[in-house]
$ cat target34.cif   # mmCIF, N, CA and C atoms
data_protein
#
loop_
_atom_site.label_atom_id
_atom_site.label_comp_id
_atom_site.auth_asym_id
_atom_site.auth_seq_id
_atom_site.Cartn_x
_atom_site.Cartn_y
_atom_site.Cartn_z
N MET A 1 10.88 11.31 -3.83
CA MET A 1 11.78 11.20 -4.94
C MET A 1 11.13 11.70 -6.22
N ASP A 2 9.89 11.31 -6.43
CA ASP A 2 9.21 11.77 -7.64
C ASP A 2 9.14 13.30 -7.68
N GLN A 3 8.90 13.88 -6.53
CA GLN A 3 8.79 15.35 -6.47
C GLN A 3 10.12 15.99 -6.88
N ALA A 4 11.24 15.42 -6.42
CA ALA A 4 12.56 15.95 -6.78
C ALA A 4 12.84 15.75 -8.26
N LEU A 5 12.44 14.59 -8.79
CA LEU A 5 12.64 14.33 -10.22
C LEU A 5 11.73 15.23 -11.07
N GLN A 6 10.54 15.50 -10.59
CA GLN A 6 9.64 16.39 -11.32
C GLN A 6 10.18 17.81 -11.32
N ALA A 7 10.76 18.25 -10.22
CA ALA A 7 11.31 19.60 -10.13
C ALA A 7 12.50 19.77 -11.07
N ARG A 8 13.24 18.70 -11.30
CA ARG A 8 14.39 18.76 -12.21
C ARG A 8 13.98 18.72 -13.67
N GLY A 9 12.75 18.34 -13.95
CA GLY A 9 12.29 18.25 -15.33
C GLY A 9 12.78 16.99 -16.02
N THR A 10 13.01 15.94 -15.25
CA THR A 10 13.49 14.68 -15.78
C THR A 10 12.42 14.08 -16.70
N GLU A 11 12.89 13.44 -17.77
CA GLU A 11 11.97 12.84 -18.73
C GLU A 11 11.10 11.78 -18.05
N HIS A 12 9.86 11.72 -18.42
CA HIS A 12 8.83 10.80 -17.90
C HIS A 12 8.37 11.12 -16.48
N TYR A 13 8.83 12.20 -15.89
CA TYR A 13 8.39 12.61 -14.55
C TYR A 13 7.74 13.98 -14.69
N TYR A 14 6.45 13.96 -14.96
CA TYR A 14 5.72 15.20 -15.18
C TYR A 14 5.14 15.69 -13.87
N ILE A 15 4.97 16.98 -13.76
CA ILE A 15 4.41 17.56 -12.54
C ILE A 15 2.95 17.12 -12.41
N THR A 16 2.64 16.46 -11.31
CA THR A 16 1.30 15.90 -11.13
C THR A 16 0.49 16.63 -10.09
N GLY A 17 1.10 17.47 -9.31
CA GLY A 17 0.36 18.19 -8.28
C GLY A 17 1.19 18.34 -7.03
N HIS A 18 0.55 18.84 -5.99
CA HIS A 18 1.22 19.09 -4.72
C HIS A 18 0.85 17.98 -3.74
N PHE A 19 1.87 17.27 -3.27
CA PHE A 19 1.67 16.23 -2.27
C PHE A 19 2.37 16.66 -0.99
N VAL A 20 1.69 16.61 0.13
CA VAL A 20 2.18 17.18 1.37
C VAL A 20 3.46 16.49 1.84
N ILE A 21 3.45 15.18 1.96
CA ILE A 21 4.61 14.47 2.49
C ILE A 21 5.75 14.49 1.48
N SER A 22 5.45 14.31 0.20
CA SER A 22 6.50 14.34 -0.82
C SER A 22 7.19 15.70 -0.88
N SER A 23 6.42 16.76 -0.74
CA SER A 23 7.03 18.09 -0.79
C SER A 23 7.90 18.36 0.44
N LEU A 24 7.59 17.73 1.57
CA LEU A 24 8.43 17.88 2.75
C LEU A 24 9.74 17.10 2.62
N LEU A 25 9.70 15.95 1.94
CA LEU A 25 10.88 15.13 1.77
C LEU A 25 11.71 15.52 0.55
N SER A 26 11.17 16.29 -0.33
CA SER A 26 11.86 16.66 -1.57
C SER A 26 13.20 17.36 -1.35
N PRO A 27 13.35 18.29 -0.40
CA PRO A 27 14.67 18.92 -0.21
C PRO A 27 15.77 17.94 0.19
N PHE A 28 15.42 16.85 0.85
CA PHE A 28 16.41 15.84 1.22
C PHE A 28 17.02 15.16 -0.01
N PHE A 29 16.21 14.97 -1.05
CA PHE A 29 16.67 14.26 -2.24
C PHE A 29 17.30 15.16 -3.28
N GLU A 30 17.32 16.47 -3.07
CA GLU A 30 17.88 17.38 -4.07
C GLU A 30 19.38 17.23 -4.26
N SER A 31 20.09 16.75 -3.24
CA SER A 31 21.54 16.63 -3.35
C SER A 31 21.99 15.37 -4.09
N PHE A 32 21.08 14.41 -4.30
CA PHE A 32 21.45 13.17 -4.98
C PHE A 32 21.46 13.37 -6.48
N PRO A 33 22.32 12.63 -7.21
CA PRO A 33 22.31 12.73 -8.68
C PRO A 33 21.04 12.12 -9.27
N THR A 34 20.71 12.56 -10.46
CA THR A 34 19.46 12.14 -11.10
C THR A 34 19.42 10.63 -11.34
N HIS A 35 20.52 10.05 -11.82
CA HIS A 35 20.51 8.61 -12.11
C HIS A 35 20.31 7.78 -10.85
N PHE A 36 20.81 8.25 -9.70
CA PHE A 36 20.58 7.56 -8.44
C PHE A 36 19.10 7.63 -8.04
N LEU A 37 18.50 8.80 -8.19
CA LEU A 37 17.08 8.95 -7.82
C LEU A 37 16.18 8.09 -8.70
N ILE A 38 16.50 8.03 -10.00
CA ILE A 38 15.69 7.19 -10.90
C ILE A 38 15.81 5.73 -10.50
N GLY A 39 17.04 5.27 -10.24
CA GLY A 39 17.24 3.87 -9.83
C GLY A 39 16.56 3.56 -8.51
N PHE A 40 16.66 4.48 -7.57
CA PHE A 40 16.04 4.27 -6.26
C PHE A 40 14.52 4.25 -6.38
N GLU A 41 13.97 5.13 -7.19
CA GLU A 41 12.52 5.19 -7.39
C GLU A 41 12.01 3.92 -8.06
N ARG A 42 12.72 3.45 -9.07
CA ARG A 42 12.30 2.22 -9.76
C ARG A 42 12.42 1.01 -8.84
N THR A 43 13.48 0.96 -8.04
CA THR A 43 13.63 -0.14 -7.09
C THR A 43 12.51 -0.13 -6.06
N ALA A 44 12.17 1.04 -5.54
CA ALA A 44 11.07 1.15 -4.57
C ALA A 44 9.74 0.75 -5.21
N TRP A 45 9.56 1.11 -6.49
CA TRP A 45 8.31 0.74 -7.18
C TRP A 45 8.19 -0.77 -7.31
N TRP A 46 9.28 -1.43 -7.74
CA TRP A 46 9.25 -2.88 -7.90
C TRP A 46 9.10 -3.59 -6.55
N LEU A 47 9.72 -3.08 -5.51
CA LEU A 47 9.53 -3.67 -4.19
C LEU A 47 8.09 -3.53 -3.72
N HIS A 48 7.46 -2.42 -4.06
CA HIS A 48 6.06 -2.22 -3.72
C HIS A 48 5.18 -3.24 -4.45
N ILE A 49 5.43 -3.44 -5.73
CA ILE A 49 4.66 -4.44 -6.50
C ILE A 49 4.90 -5.84 -5.96
N ALA A 50 6.16 -6.18 -5.63
CA ALA A 50 6.47 -7.49 -5.07
C ALA A 50 5.77 -7.68 -3.73
N GLY A 51 5.68 -6.63 -2.92
CA GLY A 51 4.97 -6.72 -1.65
C GLY A 51 3.48 -6.96 -1.84
N ILE A 52 2.91 -6.35 -2.86
CA ILE A 52 1.48 -6.58 -3.15
C ILE A 52 1.25 -8.02 -3.58
N PHE A 53 2.12 -8.55 -4.44
CA PHE A 53 1.99 -9.95 -4.87
C PHE A 53 2.20 -10.92 -3.71
N ALA A 54 3.14 -10.61 -2.82
CA ALA A 54 3.35 -11.46 -1.64
C ALA A 54 2.11 -11.45 -0.75
N PHE A 55 1.50 -10.28 -0.57
CA PHE A 55 0.29 -10.21 0.25
C PHE A 55 -0.86 -10.96 -0.41
N LEU A 56 -0.96 -10.90 -1.74
CA LEU A 56 -2.03 -11.63 -2.42
C LEU A 56 -1.86 -13.14 -2.26
N ASN A 57 -0.62 -13.63 -2.20
CA ASN A 57 -0.40 -15.05 -1.95
C ASN A 57 -0.72 -15.42 -0.51
N TYR A 58 -0.50 -14.51 0.42
CA TYR A 58 -0.77 -14.75 1.83
C TYR A 58 -2.27 -14.60 2.15
N LEU A 59 -2.99 -13.88 1.34
CA LEU A 59 -4.39 -13.53 1.62
C LEU A 59 -5.30 -14.71 1.92
N PRO A 60 -5.26 -15.82 1.17
CA PRO A 60 -6.18 -16.92 1.48
C PRO A 60 -5.94 -17.57 2.85
N TYR A 61 -4.77 -17.40 3.44
CA TYR A 61 -4.45 -18.03 4.71
C TYR A 61 -4.57 -17.08 5.90
N SER A 62 -5.02 -15.87 5.66
CA SER A 62 -5.05 -14.88 6.73
C SER A 62 -6.49 -14.46 7.03
N LYS A 63 -6.61 -13.66 8.08
CA LYS A 63 -7.93 -13.14 8.44
C LYS A 63 -8.41 -12.06 7.46
N HIS A 64 -7.50 -11.57 6.61
CA HIS A 64 -7.86 -10.52 5.68
C HIS A 64 -8.84 -11.02 4.61
N LEU A 65 -8.80 -12.32 4.31
CA LEU A 65 -9.76 -12.88 3.35
C LEU A 65 -11.18 -12.73 3.89
N HIS A 66 -11.37 -12.93 5.18
CA HIS A 66 -12.68 -12.76 5.80
C HIS A 66 -13.17 -11.32 5.63
N ILE A 67 -12.28 -10.38 5.82
CA ILE A 67 -12.65 -8.97 5.67
C ILE A 67 -12.99 -8.66 4.23
N LEU A 68 -12.22 -9.22 3.30
CA LEU A 68 -12.46 -8.99 1.87
C LEU A 68 -13.77 -9.60 1.41
N LEU A 69 -14.10 -10.78 1.90
CA LEU A 69 -15.32 -11.46 1.47
C LEU A 69 -16.57 -11.00 2.22
N ALA A 70 -16.43 -10.12 3.19
CA ALA A 70 -17.60 -9.62 3.92
C ALA A 70 -18.48 -8.76 3.01
N PHE A 71 -17.88 -8.05 2.07
CA PHE A 71 -18.67 -7.19 1.18
C PHE A 71 -19.58 -7.98 0.25
N PRO A 72 -19.07 -8.99 -0.51
CA PRO A 72 -20.01 -9.76 -1.34
C PRO A 72 -20.99 -10.57 -0.50
N ASN A 73 -20.57 -11.03 0.68
CA ASN A 73 -21.46 -11.77 1.55
C ASN A 73 -22.63 -10.90 1.98
N SER A 74 -22.37 -9.66 2.31
CA SER A 74 -23.44 -8.74 2.71
C SER A 74 -24.34 -8.39 1.53
N TYR A 75 -23.74 -8.25 0.34
CA TYR A 75 -24.53 -7.87 -0.83
C TYR A 75 -25.47 -8.99 -1.25
N TYR A 76 -25.00 -10.23 -1.22
CA TYR A 76 -25.81 -11.36 -1.68
C TYR A 76 -26.61 -12.02 -0.56
N ALA A 77 -26.60 -11.48 0.63
CA ALA A 77 -27.32 -12.08 1.75
C ALA A 77 -28.83 -11.97 1.51
N ARG A 78 -29.55 -12.96 1.98
CA ARG A 78 -31.01 -12.93 1.88
C ARG A 78 -31.54 -11.97 2.93
N LEU A 79 -32.48 -11.15 2.52
CA LEU A 79 -33.03 -10.16 3.43
C LEU A 79 -34.24 -10.68 4.20
N ALA A 80 -34.77 -11.81 3.76
CA ALA A 80 -35.93 -12.38 4.47
C ALA A 80 -35.47 -12.96 5.80
N VAL A 81 -36.34 -12.90 6.79
CA VAL A 81 -36.03 -13.44 8.10
C VAL A 81 -35.96 -14.95 8.01
N PRO A 82 -34.89 -15.57 8.48
CA PRO A 82 -34.82 -17.03 8.39
C PRO A 82 -35.83 -17.69 9.36
N GLY A 83 -36.49 -18.72 8.87
CA GLY A 83 -37.47 -19.42 9.70
C GLY A 83 -38.84 -18.80 9.71
N LYS A 84 -39.07 -17.78 8.91
CA LYS A 84 -40.39 -17.13 8.89
C LYS A 84 -41.39 -18.07 8.23
N MET A 85 -42.52 -18.25 8.88
CA MET A 85 -43.54 -19.15 8.35
C MET A 85 -44.57 -18.34 7.57
N LYS A 86 -45.03 -18.95 6.49
CA LYS A 86 -46.09 -18.33 5.68
C LYS A 86 -47.45 -18.60 6.32
N ASN A 87 -48.36 -17.67 6.14
CA ASN A 87 -49.73 -17.84 6.67
C ASN A 87 -50.45 -18.93 5.90
N MET A 88 -51.23 -19.69 6.60
CA MET A 88 -52.02 -20.74 5.96
C MET A 88 -53.20 -20.13 5.25
N PRO A 89 -53.59 -20.70 4.13
CA PRO A 89 -54.76 -20.13 3.42
C PRO A 89 -56.04 -20.39 4.18
#

$ encode --input "target34.cif" --output "structure tokens"
Amino acid sequence: MDQALQARGTEHYYITGHFVISSLLSPFFESFPTHFLIGFERTAWWLHIAGIFAFLNYLPYSKHLHILLAFPNSYYARLAVPGKMKNMP
């Protein structure tokens, strides 16, 4: 949709580059009126943001939290061998 809106020169939709999938889908959206494309694009954007917020609420109860916390756990892990004994003087 953005690609079709950019091709029309719609305000606030500046040409950002060539995207493979968007350029393949762009001819499908050329027949729709501009106001419909803007409304559909904004609705899809808000649904995407709502999906991200829903996932963030679900995150503490899922296995994804374990995957997310693996990075700081690895960074702050002690590198010394556990149980290593020091030599006696």

$ atom_distance --input "target34.cif" --atom1 "CA of Phe29 (chain A)" --atom2 "CA of Gln6 (chain A)"
11.7 Å

$ atom_distance --input "target34.cif" --atom1 "CA of Met1 (chain A)" --atom2 "atom N of His18 (chain A)"
13.6 Å

$ residues_around --input "target34.cif" --residues "Ser23 (chain A)" --least-positions-apart "3" --cutoff "10 Å" --atoms "only C-alpha atoms" --output "ChimeraX atom specification"
/A:1-4,18-20,26-28

$ write_last_selection --input "target34.cif" --atoms "N, CA and C atoms" --output "short mmCIF file (atom, residue, chain, number, x, y, z; two decimals), in the frame of the given file"
data_model
loop_
_atom_site.label_atom_id
_atom_site.label_comp_id
_atom_site.auth_asym_id
_atom_site.auth_seq_id
_atom_site.Cartn_x
_atom_site.Cartn_y
_atom_site.Cartn_z
N MET A 1 10.88 11.31 -3.83
CA MET A 1 11.78 11.20 -4.94
C MET A 1 11.13 11.70 -6.22
N ASP A 2 9.89 11.31 -6.43
CA ASP A 2 9.21 11.77 -7.64
C ASP A 2 9.14 13.30 -7.68
N GLN A 3 8.90 13.88 -6.53
CA GLN A 3 8.79 15.35 -6.47
C GLN A 3 10.12 15.99 -6.88
N ALA A 4 11.24 15.42 -6.42
CA ALA A 4 12.56 15.95 -6.78
C ALA A 4 12.84 15.75 -8.26
N HIS A 18 0.55 18.84 -5.99
CA HIS A 18 1.22 19.09 -4.72
C HIS A 18 0.85 17.98 -3.74
N PHE A 19 1.87 17.27 -3.27
CA PHE A 19 1.67 16.23 -2.27
C PHE A 19 2.37 16.66 -0.99
N VAL A 20 1.69 16.61 0.13
CA VAL A 20 2.18 17.18 1.37
C VAL A 20 3.46 16.49 1.84
N SER A 26 11.17 16.29 -0.33
CA SER A 26 11.86 16.66 -1.57
C SER A 26 13.20 17.36 -1.35
N PRO A 27 13.35 18.29 -0.40
CA PRO A 27 14.67 18.92 -0.21
C PRO A 27 15.77 17.94 0.19
N PHE A 28 15.42 16.85 0.85
CA PHE A 28 16.41 15.84 1.22
C PHE A 28 17.02 15.16 -0.01
#

$ atom_distance --input "target34.cif" --atom1 "CA of Pro82 (chain A)" --atom2 "CA of Leu69 (chain A)"
21.4 Å
